Amino acid sequence: MAEKLSFYCILSGQLESNEYDYSEEPESVSNDCLVDNAWKISQQLKKEQSDVDMAEYLPEELGGKIASVVWNVDELHGNLVGKIDCIITGELTEAEIERLKNWIIGQNSDGLGEGFEQHPIHTDEGDLYVSLWQWDNDNELMSEEEMEAFLTTGNISMGGM
């Protein structure tokens, strides 16, 4: 029997405004901008994964135990976060779960198949680039309960890098 295991990660975004001056750095966006563009971000994630089954790139030792790995977004406590759903078809040991988490973190840091964060999401304000990974964060994956606790402590700076 298949079971779903979900992980959550912090998102960040940068915007190149319609009046973008190429001598300036793109501006970091607030969580409000990410929430306002949640549907577009979700659609871009779906597009990035439409031609590839990310489970095919899992480490060999996890093969056969995980049927799919799908990236999307979810809104928790008013914050837009990354959500990675894994359909598990075999029992995973703690070591295998850690291996899976490390692989997902690697995909997040590479921009999900080395493409998602490099492709602009067109908004009324300009081109939005969303990252599943942040340089100034531990970049850990969390369960839904851990993410909710993290978001409600007030110790988070959502959106900006």
# chains A, B, ... in the order shown; residues from 1 in each chain; ligands from 1

$ residues_around --residues "region 70-78 of chain A" --least-positions-apart "6" --cutoff "10 Å" --atoms "only C-alpha atoms" --output "ChimeraX atom specification"
/A:6-11,31-32,34-35,38-39,41-46,48-49,53-55,84-87,104,108,112,132,144,147-149,151-152

$ select_by_dssp --residues "chain A" --states "strand (DSSP E)" --output "VMD selection string"
chain A and resid 3 to 10 12 to 17 27 to 28 66 to 76 79 to 88 121 to 123 126 to 131

$ residues_around --residues "region 122-128 of chain A" --least-positions-apart "6" --cutoff "6 Å" --atoms "only C-alpha atoms" --output "PyMOL selection string"
chain A and resi 14-18

$ write_last_selection --atoms "all heavy atoms" --output "PDB file, in the first residue's frame"
ATOM      1  N   GLN A  14      13.037  36.688  -6.180  1.00  0.00           N
ATOM      2  CA  GLN A  14      13.607  37.950  -6.630  1.00  0.00           C
ATOM      3  C   GLN A  14      12.816  38.411  -7.845  1.00  0.00           C
ATOM      4  O   GLN A  14      12.369  37.597  -8.651  1.00  0.00           O
ATOM      5  CB  GLN A  14      15.077  37.796  -6.979  1.00  0.00           C
ATOM      6  CG  GLN A  14      15.925  37.503  -5.767  1.00  0.00           C
ATOM      7  CD  GLN A  14      17.398  37.671  -6.059  1.00  0.00           C
ATOM      8  OE1 GLN A  14      17.836  37.577  -7.192  1.00  0.00           O
ATOM      9  NE2 GLN A  14      18.158  37.937  -5.016  1.00  0.00           N
ATOM     10  N   LEU A  15      12.673  39.726  -7.941  1.00  0.00           N
ATOM     11  CA  LEU A  15      11.873  40.305  -8.998  1.00  0.00           C
ATOM     12  C   LEU A  15      12.710  41.247  -9.844  1.00  0.00           C
ATOM     13  O   LEU A  15      13.422  42.105  -9.317  1.00  0.00           O
ATOM     14  CB  LEU A  15      10.705  41.089  -8.380  1.00  0.00           C
ATOM     15  CG  LEU A  15       9.683  41.670  -9.350  1.00  0.00           C
ATOM     16  CD1 LEU A  15       8.876  40.557 -10.015  1.00  0.00           C
ATOM     17  CD2 LEU A  15       8.750  42.624  -8.611  1.00  0.00           C
ATOM     18  N   GLU A  16      12.658  41.045 -11.143  1.00  0.00           N
ATOM     19  CA  GLU A  16      13.207  42.000 -12.104  1.00  0.00           C
ATOM     20  C   GLU A  16      12.005  42.772 -12.602  1.00  0.00           C
ATOM     21  O   GLU A  16      11.189  42.248 -13.356  1.00  0.00           O
ATOM     22  CB  GLU A  16      13.916  41.287 -13.253  1.00  0.00           C
ATOM     23  CG  GLU A  16      15.202  40.619 -12.845  1.00  0.00           C
ATOM     24  CD  GLU A  16      15.930  39.964 -14.019  1.00  0.00           C
ATOM     25  OE1 GLU A  16      15.417  40.000 -15.164  1.00  0.00           O
ATOM     26  OE2 GLU A  16      17.000  39.408 -13.774  1.00  0.00           O
ATOM     27  N   SER A  17      11.871  44.015 -12.147  1.00  0.00           N
ATOM     28  CA  SER A  17      10.681  44.791 -12.478  1.00  0.00           C
ATOM     29  C   SER A  17      10.622  45.087 -13.975  1.00  0.00           C
ATOM     30  O   SER A  17      11.618  44.967 -14.692  1.00  0.00           O
ATOM     31  CB  SER A  17      10.655  46.094 -11.682  1.00  0.00           C
ATOM     32  OG  SER A  17      11.624  46.984 -12.170  1.00  0.00           O
ATOM     33  N   ASN A  18       9.452  45.493 -14.416  1.00  0.00           N
ATOM     34  CA  ASN A  18       9.261  45.822 -15.838  1.00  0.00           C
ATOM     35  C   ASN A  18      10.157  46.967 -16.274  1.00  0.00           C
ATOM     36  O   ASN A  18      10.508  47.074 -17.430  1.00  0.00           O
ATOM     37  CB  ASN A  18       7.789  46.161 -16.100  1.00  0.00           C
ATOM     38  CG  ASN A  18       6.908  44.950 -15.958  1.00  0.00           C
ATOM     39  OD1 ASN A  18       7.324  43.825 -16.197  1.00  0.00           O
ATOM     40  ND2 ASN A  18       5.673  45.178 -15.541  1.00  0.00           N
TER      41      ASN A  18
END

$ closest_residue --among "A:Glu61, A:Lys40, A:Lys101, A:Glu91" --to "Pro120 (chain A)" --atoms "only C-alpha atoms"
A:Lys40

$ residues_around --residues "Gly13 (chain A)" --least-positions-apart "4" --cutoff "12 Å" --atoms "only C-alpha atoms" --output "PyMOL selection string"
chain A and resi 26-35+37-38+41+80-82+116-121+127-134+157-161

$ select_by_dssp --residues "region 30-122 of chain A" --states "helix (DSSP H, G or I)" --output "number ranges by chain"
A: 31-36, 38-49, 54-57, 60-62, 94-110, 112-118

$ atom_distance --atom1 "CA of Glu3 (chain A)" --atom2 "CA of Gly106 (chain A)"
23.0 Å

$ closest_residue --among "A:Glu25, A:Lys65, A:Ser12, A:Asp51" --to "Gly90 (chain A)" --atoms "only C-alpha atoms"
A:Lys65

$ closest_residue --among "A:Leu92, A:Phe150, A:Met1, A:Tyr57" --to "Asn79 (chain A)" --atoms "only C-alpha atoms"
A:Phe150

$ atom_distance --atom1 "CA of Glu96 (chain A)" --atom2 "CA of Leu62 (chain A)"
7.0 Å

$ decode --residues "region 73-87 of chain A" --atoms "all heavy atoms" --output "mmCIF file, in the first residue's frame"
data_model
loop_
_atom_site.group_PDB
_atom_site.id
_atom_site.type_symbol
_atom_site.label_atom_id
_atom_site.label_comp_id
_atom_site.auth_asym_id
_atom_site.auth_seq_id
_atom_site.Cartn_x
_atom_site.Cartn_y
_atom_site.Cartn_z
ATOM 1 N N VAL A 73 3.723 24.056 -4.191
ATOM 2 C CA VAL A 73 3.720 25.049 -3.117
ATOM 3 C C VAL A 73 2.470 24.851 -2.279
ATOM 4 O O VAL A 73 1.490 24.249 -2.728
ATOM 5 C CB VAL A 73 3.786 26.495 -3.658
ATOM 6 C CG1 VAL A 73 5.130 26.772 -4.298
ATOM 7 C CG2 VAL A 73 2.652 26.787 -4.618
ATOM 8 N N ASP A 74 2.533 25.374 -1.059
ATOM 9 C CA ASP A 74 1.405 25.295 -0.147
ATOM 10 C C ASP A 74 1.427 26.553 0.707
ATOM 11 O O ASP A 74 2.502 27.105 0.976
ATOM 12 C CB ASP A 74 1.525 24.045 0.732
ATOM 13 C CG ASP A 74 0.228 23.667 1.433
ATOM 14 O OD1 ASP A 74 -0.824 24.265 1.140
ATOM 15 O OD2 ASP A 74 0.274 22.760 2.279
ATOM 16 N N GLU A 75 0.264 27.000 1.115
ATOM 17 C CA GLU A 75 0.189 28.159 1.998
ATOM 18 C C GLU A 75 -0.092 27.675 3.415
ATOM 19 O O GLU A 75 -1.092 27.000 3.672
ATOM 20 C CB GLU A 75 -0.899 29.122 1.532
ATOM 21 C CG GLU A 75 -0.862 30.438 2.267
ATOM 22 C CD GLU A 75 -1.830 31.468 1.726
ATOM 23 O OE1 GLU A 75 -2.225 31.384 0.545
ATOM 24 O OE2 GLU A 75 -2.193 32.361 2.509
ATOM 25 N N LEU A 76 0.827 28.001 4.319
ATOM 26 C CA LEU A 76 0.686 27.660 5.730
ATOM 27 C C LEU A 76 0.806 28.934 6.555
ATOM 28 O O LEU A 76 1.796 29.663 6.423
ATOM 29 C CB LEU A 76 1.776 26.674 6.164
ATOM 30 C CG LEU A 76 1.800 25.294 5.515
ATOM 31 C CD1 LEU A 76 3.027 24.517 5.982
ATOM 32 C CD2 LEU A 76 0.535 24.524 5.842
ATOM 33 N N HIS A 77 -0.182 29.196 7.381
ATOM 34 C CA HIS A 77 -0.158 30.377 8.262
ATOM 35 C C HIS A 77 0.167 31.657 7.489
ATOM 36 O O HIS A 77 0.933 32.495 7.957
ATOM 37 C CB HIS A 77 0.827 30.179 9.415
ATOM 38 C CG HIS A 77 0.461 29.050 10.309
ATOM 39 N ND1 HIS A 77 -0.517 29.163 11.265
ATOM 40 C CD2 HIS A 77 0.919 27.782 10.374
ATOM 41 C CE1 HIS A 77 -0.640 28.001 11.893
ATOM 42 N NE2 HIS A 77 0.212 27.161 11.364
ATOM 43 N N GLY A 78 -0.397 31.773 6.283
ATOM 44 C CA GLY A 78 -0.196 32.975 5.487
ATOM 45 C C GLY A 78 1.136 33.056 4.768
ATOM 46 O O GLY A 78 1.449 34.071 4.158
ATOM 47 N N ASN A 79 1.942 31.996 4.837
ATOM 48 C CA ASN A 79 3.245 31.960 4.172
ATOM 49 C C ASN A 79 3.225 30.937 3.052
ATOM 50 O O ASN A 79 2.719 29.828 3.215
ATOM 51 C CB ASN A 79 4.337 31.567 5.168
ATOM 52 C CG ASN A 79 4.538 32.610 6.229
ATOM 53 O OD1 ASN A 79 5.139 33.641 5.984
ATOM 54 N ND2 ASN A 79 4.003 32.353 7.414
ATOM 55 N N LEU A 80 3.796 31.311 1.906
ATOM 56 C CA LEU A 80 3.928 30.357 0.815
ATOM 57 C C LEU A 80 5.230 29.590 1.006
ATOM 58 O O LEU A 80 6.300 30.188 1.175
ATOM 59 C CB LEU A 80 3.933 31.066 -0.539
ATOM 60 C CG LEU A 80 3.715 30.126 -1.726
ATOM 61 C CD1 LEU A 80 2.284 29.579 -1.715
ATOM 62 C CD2 LEU A 80 4.000 30.826 -3.033
ATOM 63 N N VAL A 81 5.128 28.270 1.023
ATOM 64 C CA VAL A 81 6.287 27.401 1.224
ATOM 65 C C VAL A 81 6.317 26.346 0.130
ATOM 66 O O VAL A 81 5.306 26.062 -0.510
ATOM 67 C CB VAL A 81 6.259 26.724 2.619
ATOM 68 C CG1 VAL A 81 6.376 27.754 3.733
ATOM 69 C CG2 VAL A 81 5.006 25.878 2.813
ATOM 70 N N GLY A 82 7.488 25.781 -0.083
ATOM 71 C CA GLY A 82 7.604 24.671 -1.009
ATOM 72 C C GLY A 82 7.112 23.402 -0.352
ATOM 73 O O GLY A 82 7.285 23.200 0.858
ATOM 74 N N LYS A 83 6.457 22.550 -1.116
ATOM 75 C CA LYS A 83 5.960 21.267 -0.611
ATOM 76 C C LYS A 83 6.390 20.181 -1.579
ATOM 77 O O LYS A 83 6.138 20.275 -2.781
ATOM 78 C CB LYS A 83 4.442 21.286 -0.477
ATOM 79 C CG LYS A 83 3.872 19.990 0.071
ATOM 80 C CD LYS A 83 2.361 20.061 0.208
ATOM 81 C CE LYS A 83 1.830 18.764 0.797
ATOM 82 N NZ LYS A 83 0.364 18.729 0.752
ATOM 83 N N ILE A 84 7.048 19.184 -1.054
ATOM 84 C CA ILE A 84 7.520 18.071 -1.870
ATOM 85 C C ILE A 84 6.813 16.814 -1.386
ATOM 86 O O ILE A 84 6.988 16.381 -0.251
ATOM 87 C CB ILE A 84 9.057 17.902 -1.765
ATOM 88 C CG1 ILE A 84 9.775 19.188 -2.194
ATOM 89 C CG2 ILE A 84 9.517 16.728 -2.634
ATOM 90 C CD1 ILE A 84 10.118 20.116 -1.084
ATOM 91 N N ASP A 85 5.974 16.249 -2.268
ATOM 92 C CA ASP A 85 5.216 15.048 -1.942
ATOM 93 C C ASP A 85 5.904 13.831 -2.544
ATOM 94 O O ASP A 85 6.187 13.799 -3.741
ATOM 95 C CB ASP A 85 3.791 15.134 -2.490
ATOM 96 C CG ASP A 85 2.936 16.143 -1.755
ATOM 97 O OD1 ASP A 85 3.089 16.272 -0.526
ATOM 98 O OD2 ASP A 85 2.103 16.793 -2.415
ATOM 99 N N CYS A 86 6.136 12.839 -1.687
ATOM 100 C CA CYS A 86 6.752 11.587 -2.119
ATOM 101 C C CYS A 86 5.744 10.458 -1.902
ATOM 102 O O CYS A 86 5.187 10.334 -0.811
ATOM 103 C CB CYS A 86 8.006 11.288 -1.292
ATOM 104 S SG CYS A 86 9.208 12.616 -1.282
ATOM 105 N N ILE A 87 5.513 9.670 -2.941
ATOM 106 C CA ILE A 87 4.658 8.496 -2.803
ATOM 107 C C ILE A 87 5.586 7.308 -2.542
ATOM 108 O O ILE A 87 6.402 6.935 -3.392
ATOM 109 C CB ILE A 87 3.792 8.260 -4.054
ATOM 110 C CG1 ILE A 87 2.917 9.485 -4.334
ATOM 111 C CG2 ILE A 87 2.948 6.992 -3.878
ATOM 112 C CD1 ILE A 87 1.962 9.882 -3.224
#
